[in-house]
Amino acid sequence: MMMRKWLQNEKGLTLVEVTGVLVLTAIILGFLIYLLSYSNTSLQQVSSREKTLQQSRDIVTQIVKTVRNGYAPATLVSSSSSLRLLSAENDEAVDYRYNSTDKSLTVTYTPRDANGNDAASPSSKYTFSDKIEDILFDVKDGRIEITLTMLLPNHTSKKTTTVVYTTQRHS
């Protein structure tokens, strides 16, 4: 008898309750999808920024290594967006040239003959990042100041300045 009374008093869910649950579920799922999308976008931006900053460090490291390996500037005083380094034996030249059109830095290794003339064709040529906004080499009194400006993904710039001393000094 008790069972029968309980079955008679049982009510199902109304259409309003079902609709309310569905609306709340849709809102919660929408919010979670938005959070995942926002997190993914943020992760991509941070990853792209770190990649650009790593390229900046690689460029500066490459130039510093070349100077530390005994290469010295071809001119004692200059300030430009290109730099020519000559080996101590004067048998190889390394040129760093910035191209403002495609925002890239190209390094070219060129062998030189006994008279100090460049060979007809370079032995190797590499192009660095296309994220370079500007680069300036300031050479004076045995030091090279490298000012590198990289364009970050959020359209801001990051400027890095490094000074490397050469063995070549002007008295």
# chains A, B, ... in the order shown; residues from 1 in each chain; ligands from 1
$ select_by_dssp --residues "segment 25-131 of chain A" --states "alpha helix (DSSP H)" --output "ChimeraX atom specification"
/A:25-68
$ write_last_selection --atoms "C-alpha atoms" --output "JSON list (two decimals), in the first residue's frame"
[["chain", "number", "residue", "atom", "x", "y", "z"],
["A", 25, "THR", "CA", 24.68, 23.25, -19.35],
["A", 26, "ALA", "CA", 25.01, 25.23, -22.60],
["A", 27, "ILE", "CA", 26.28, 28.31, -20.70],
["A", 28, "ILE", "CA", 28.85, 26.27, -18.78],
["A", 29, "LEU", "CA", 30.05, 24.46, -21.93],
["A", 30, "GLY", "CA", 30.26, 27.76, -23.84],
["A", 31, "PHE", "CA", 32.36, 29.29, -21.09],
["A", 32, "LEU", "CA", 34.70, 26.27, -21.02],
["A", 33, "ILE", "CA", 35.13, 26.38, -24.81],
["A", 34, "TYR", "CA", 35.90, 30.11, -24.60],
["A", 35, "LEU", "CA", 38.51, 29.49, -21.88],
["A", 36, "LEU", "CA", 40.18, 26.73, -23.90],
["A", 37, "SER", "CA", 40.25, 28.90, -27.04],
["A", 38, "TYR", "CA", 41.68, 31.88, -25.11],
["A", 39, "SER", "CA", 44.31, 29.68, -23.46],
["A", 40, "ASN", "CA", 45.32, 28.21, -26.82],
["A", 41, "THR", "CA", 45.63, 31.68, -28.40],
["A", 42, "SER", "CA", 47.69, 32.93, -25.46],
["A", 43, "LEU", "CA", 49.96, 29.89, -25.67],
["A", 44, "GLN", "CA", 50.54, 30.48, -29.39],
["A", 45, "GLN", "CA", 51.40, 34.15, -28.79],
["A", 46, "VAL", "CA", 53.83, 33.33, -25.98],
["A", 47, "SER", "CA", 55.41, 30.57, -28.06],
["A", 48, "SER", "CA", 55.82, 32.88, -31.06],
["A", 49, "ARG", "CA", 57.30, 35.62, -28.86],
["A", 50, "GLU", "CA", 59.80, 33.21, -27.32],
["A", 51, "LYS", "CA", 60.78, 31.93, -30.77],
["A", 52, "THR", "CA", 61.44, 35.50, -31.96],
["A", 53, "LEU", "CA", 63.46, 36.32, -28.83],
["A", 54, "GLN", "CA", 65.48, 33.12, -29.30],
["A", 55, "GLN", "CA", 66.21, 34.17, -32.88],
["A", 56, "SER", "CA", 67.43, 37.51, -31.52],
["A", 57, "ARG", "CA", 69.78, 35.75, -29.10],
["A", 58, "ASP", "CA", 71.00, 33.43, -31.88],
["A", 59, "ILE", "CA", 71.83, 36.35, -34.18],
["A", 60, "VAL", "CA", 73.80, 38.23, -31.53],
["A", 61, "THR", "CA", 75.55, 35.03, -30.42],
["A", 62, "GLN", "CA", 76.56, 34.27, -34.03],
["A", 63, "ILE", "CA", 78.13, 37.72, -34.48],
["A", 64, "VAL", "CA", 79.90, 37.61, -31.09],
["A", 65, "LYS", "CA", 81.29, 34.11, -31.83],
["A", 66, "THR", "CA", 82.65, 35.29, -35.17],
["A", 67, "VAL", "CA", 84.46, 38.22, -33.51],
["A", 68, "ARG", "CA", 85.80, 35.98, -30.72]]
$ residues_around --residues "Met150 of chain A" --least-positions-apart "4" --cutoff "8 Å" --atoms "only C-alpha atoms" --output "MDAnalysis selection string"
chainID A and resid 52:53 56 131:134 157:159
$ write_last_selection --atoms "all heavy atoms" --output "short mmCIF file (atom, residue, chain, number, x, y, z; two decimals), in the first residue's frame"
data_model
loop_
_atom_site.label_atom_id
_atom_site.label_comp_id
_atom_site.auth_asym_id
_atom_site.auth_seq_id
_atom_site.Cartn_x
_atom_site.Cartn_y
_atom_site.Cartn_z
N THR A 52 60.83 34.28 -31.43
CA THR A 52 61.44 35.50 -31.96
C THR A 52 62.59 35.96 -31.07
O THR A 52 63.65 36.34 -31.56
CB THR A 52 60.39 36.61 -32.10
OG1 THR A 52 59.35 36.16 -32.98
CG2 THR A 52 60.98 37.88 -32.66
N LEU A 53 62.40 35.93 -29.76
CA LEU A 53 63.46 36.32 -28.83
C LEU A 53 64.65 35.37 -28.91
O LEU A 53 65.80 35.80 -28.80
CB LEU A 53 62.92 36.42 -27.41
CG LEU A 53 61.91 37.55 -27.17
CD1 LEU A 53 61.35 37.48 -25.76
CD2 LEU A 53 62.54 38.90 -27.43
N SER A 56 66.64 36.33 -31.86
CA SER A 56 67.43 37.51 -31.52
C SER A 56 68.72 37.10 -30.81
O SER A 56 69.82 37.57 -31.15
CB SER A 56 66.61 38.45 -30.64
OG SER A 56 67.38 39.48 -30.11
N LYS A 131 62.03 38.54 -38.84
CA LYS A 131 61.37 39.32 -37.79
C LYS A 131 62.23 40.50 -37.33
O LYS A 131 61.94 41.12 -36.33
CB LYS A 131 61.07 38.44 -36.58
CG LYS A 131 60.29 37.20 -36.89
CD LYS A 131 58.83 37.45 -36.79
CE LYS A 131 58.10 36.13 -36.87
NZ LYS A 131 57.07 36.13 -37.82
N ILE A 132 63.30 40.79 -38.06
CA ILE A 132 64.19 41.88 -37.68
C ILE A 132 63.59 43.20 -38.15
O ILE A 132 63.32 43.38 -39.33
CB ILE A 132 65.59 41.69 -38.29
CG1 ILE A 132 66.19 40.37 -37.80
CG2 ILE A 132 66.49 42.86 -37.95
CD1 ILE A 132 67.48 40.00 -38.48
N GLU A 133 63.37 44.08 -37.21
CA GLU A 133 62.84 45.40 -37.56
C GLU A 133 63.98 46.34 -37.95
O GLU A 133 63.85 47.14 -38.87
CB GLU A 133 62.06 45.99 -36.39
CG GLU A 133 61.32 47.24 -36.73
CD GLU A 133 60.38 47.68 -35.63
OE1 GLU A 133 60.12 46.90 -34.68
OE2 GLU A 133 59.91 48.81 -35.70
N ASP A 134 65.12 46.20 -37.26
CA ASP A 134 66.27 47.03 -37.58
C ASP A 134 67.50 46.46 -36.88
O ASP A 134 67.38 45.80 -35.84
CB ASP A 134 66.03 48.47 -37.10
CG ASP A 134 67.06 49.44 -37.64
OD1 ASP A 134 67.59 49.20 -38.74
OD2 ASP A 134 67.34 50.44 -36.95
N SER A 157 58.03 46.09 -30.37
CA SER A 157 59.43 45.87 -30.69
C SER A 157 60.22 45.56 -29.43
O SER A 157 59.91 46.05 -28.36
CB SER A 157 60.03 47.11 -31.35
OG SER A 157 59.36 47.38 -32.55
N LYS A 158 61.26 44.76 -29.60
CA LYS A 158 62.18 44.43 -28.51
C LYS A 158 63.58 44.76 -28.99
O LYS A 158 64.07 44.21 -29.96
CB LYS A 158 62.06 42.95 -28.15
CG LYS A 158 63.10 42.45 -27.19
CD LYS A 158 62.87 42.93 -25.80
CE LYS A 158 63.83 42.21 -24.86
NZ LYS A 158 64.22 43.00 -23.75
N LYS A 159 64.21 45.72 -28.30
CA LYS A 159 65.55 46.17 -28.67
C LYS A 159 66.58 45.53 -27.74
O LYS A 159 66.41 45.53 -26.54
CB LYS A 159 65.63 47.69 -28.59
CG LYS A 159 66.95 48.26 -29.09
CD LYS A 159 66.98 49.76 -28.97
CE LYS A 159 66.30 50.36 -30.17
NZ LYS A 159 66.54 51.80 -30.29
#
$ closest_residue --among "A:Thr101, A:Asn90, A:Asp130, A:Ser78" --to "Asp113 of chain A" --atoms "only C-alpha atoms"
A:Asn90
$ residues_around --residues "Thr147 of chain A" --least-positions-apart "2" --cutoff "9 Å" --atoms "only C-alpha atoms" --output "PyMOL selection string"
chain A and resi 134-138+145+149+159-163
$ write_last_selection --atoms "N, CA, C and O atoms" --output "PDB file, in the first residue's frame"
ATOM      1  N   ASP A 134      65.115  46.197 -37.264  1.00  0.00           N
ATOM      2  CA  ASP A 134      66.272  47.030 -37.576  1.00  0.00           C
ATOM      3  C   ASP A 134      67.500  46.458 -36.875  1.00  0.00           C
ATOM      4  O   ASP A 134      67.376  45.800 -35.841  1.00  0.00           O
ATOM      5  N   ILE A 135      68.663  46.701 -37.472  1.00  0.00           N
ATOM      6  CA  ILE A 135      69.922  46.331 -36.827  1.00  0.00           C
ATOM      7  C   ILE A 135      70.936  47.417 -37.162  1.00  0.00           C
ATOM      8  O   ILE A 135      70.956  47.947 -38.268  1.00  0.00           O
ATOM      9  N   LEU A 136      71.740  47.756 -36.177  1.00  0.00           N
ATOM     10  CA  LEU A 136      72.756  48.784 -36.352  1.00  0.00           C
ATOM     11  C   LEU A 136      74.063  48.280 -35.764  1.00  0.00           C
ATOM     12  O   LEU A 136      74.099  47.810 -34.623  1.00  0.00           O
ATOM     13  N   PHE A 137      75.120  48.357 -36.566  1.00  0.00           N
ATOM     14  CA  PHE A 137      76.459  48.004 -36.112  1.00  0.00           C
ATOM     15  C   PHE A 137      77.229  49.310 -35.964  1.00  0.00           C
ATOM     16  O   PHE A 137      77.389  50.057 -36.923  1.00  0.00           O
ATOM     17  N   ASP A 138      77.711  49.583 -34.768  1.00  0.00           N
ATOM     18  CA  ASP A 138      78.486  50.790 -34.506  1.00  0.00           C
ATOM     19  C   ASP A 138      79.897  50.356 -34.124  1.00  0.00           C
ATOM     20  O   ASP A 138      80.113  49.811 -33.049  1.00  0.00           O
ATOM     21  N   GLU A 145      79.344  47.712 -31.279  1.00  0.00           N
ATOM     22  CA  GLU A 145      78.068  47.768 -30.561  1.00  0.00           C
ATOM     23  C   GLU A 145      76.984  47.324 -31.529  1.00  0.00           C
ATOM     24  O   GLU A 145      76.816  47.902 -32.594  1.00  0.00           O
ATOM     25  N   THR A 149      66.796  45.247 -33.171  1.00  0.00           N
ATOM     26  CA  THR A 149      65.396  45.447 -32.824  1.00  0.00           C
ATOM     27  C   THR A 149      64.575  44.387 -33.537  1.00  0.00           C
ATOM     28  O   THR A 149      64.599  44.300 -34.766  1.00  0.00           O
ATOM     29  N   LYS A 159      64.209  45.718 -28.301  1.00  0.00           N
ATOM     30  CA  LYS A 159      65.548  46.170 -28.671  1.00  0.00           C
ATOM     31  C   LYS A 159      66.575  45.531 -27.745  1.00  0.00           C
ATOM     32  O   LYS A 159      66.412  45.532 -26.537  1.00  0.00           O
ATOM     33  N   THR A 160      67.637  44.998 -28.348  1.00  0.00           N
ATOM     34  CA  THR A 160      68.730  44.385 -27.610  1.00  0.00           C
ATOM     35  C   THR A 160      70.026  45.060 -28.036  1.00  0.00           C
ATOM     36  O   THR A 160      70.269  45.229 -29.229  1.00  0.00           O
ATOM     37  N   THR A 161      70.840  45.430 -27.081  1.00  0.00           N
ATOM     38  CA  THR A 161      72.135  46.033 -27.388  1.00  0.00           C
ATOM     39  C   THR A 161      73.231  45.211 -26.731  1.00  0.00           C
ATOM     40  O   THR A 161      73.142  44.864 -25.554  1.00  0.00           O
ATOM     41  N   THR A 162      74.242  44.897 -27.531  1.00  0.00           N
ATOM     42  CA  THR A 162      75.377  44.120 -27.051  1.00  0.00           C
ATOM     43  C   THR A 162      76.660  44.773 -27.549  1.00  0.00           C
ATOM     44  O   THR A 162      76.708  45.256 -28.671  1.00  0.00           O
ATOM     45  N   VAL A 163      77.682  44.767 -26.722  1.00  0.00           N
ATOM     46  CA  VAL A 163      78.990  45.286 -27.121  1.00  0.00           C
ATOM     47  C   VAL A 163      79.980  44.136 -27.088  1.00  0.00           C
ATOM     48  O   VAL A 163      80.046  43.386 -26.115  1.00  0.00           O
TER      49      VAL A 163
END
$ closest_residue --among "A:Val94, A:Leu24, A:Leu86, A:Ile146" --to "Ser123 of chain A" --atoms "only C-alpha atoms"
A:Val94
$ residues_around --residues "Thr75 of chain A" --least-positions-apart "6" --cutoff "12 Å" --atoms "only C-alpha atoms" --output "number ranges by chain"
A: 82-86, 137-144, 168-170
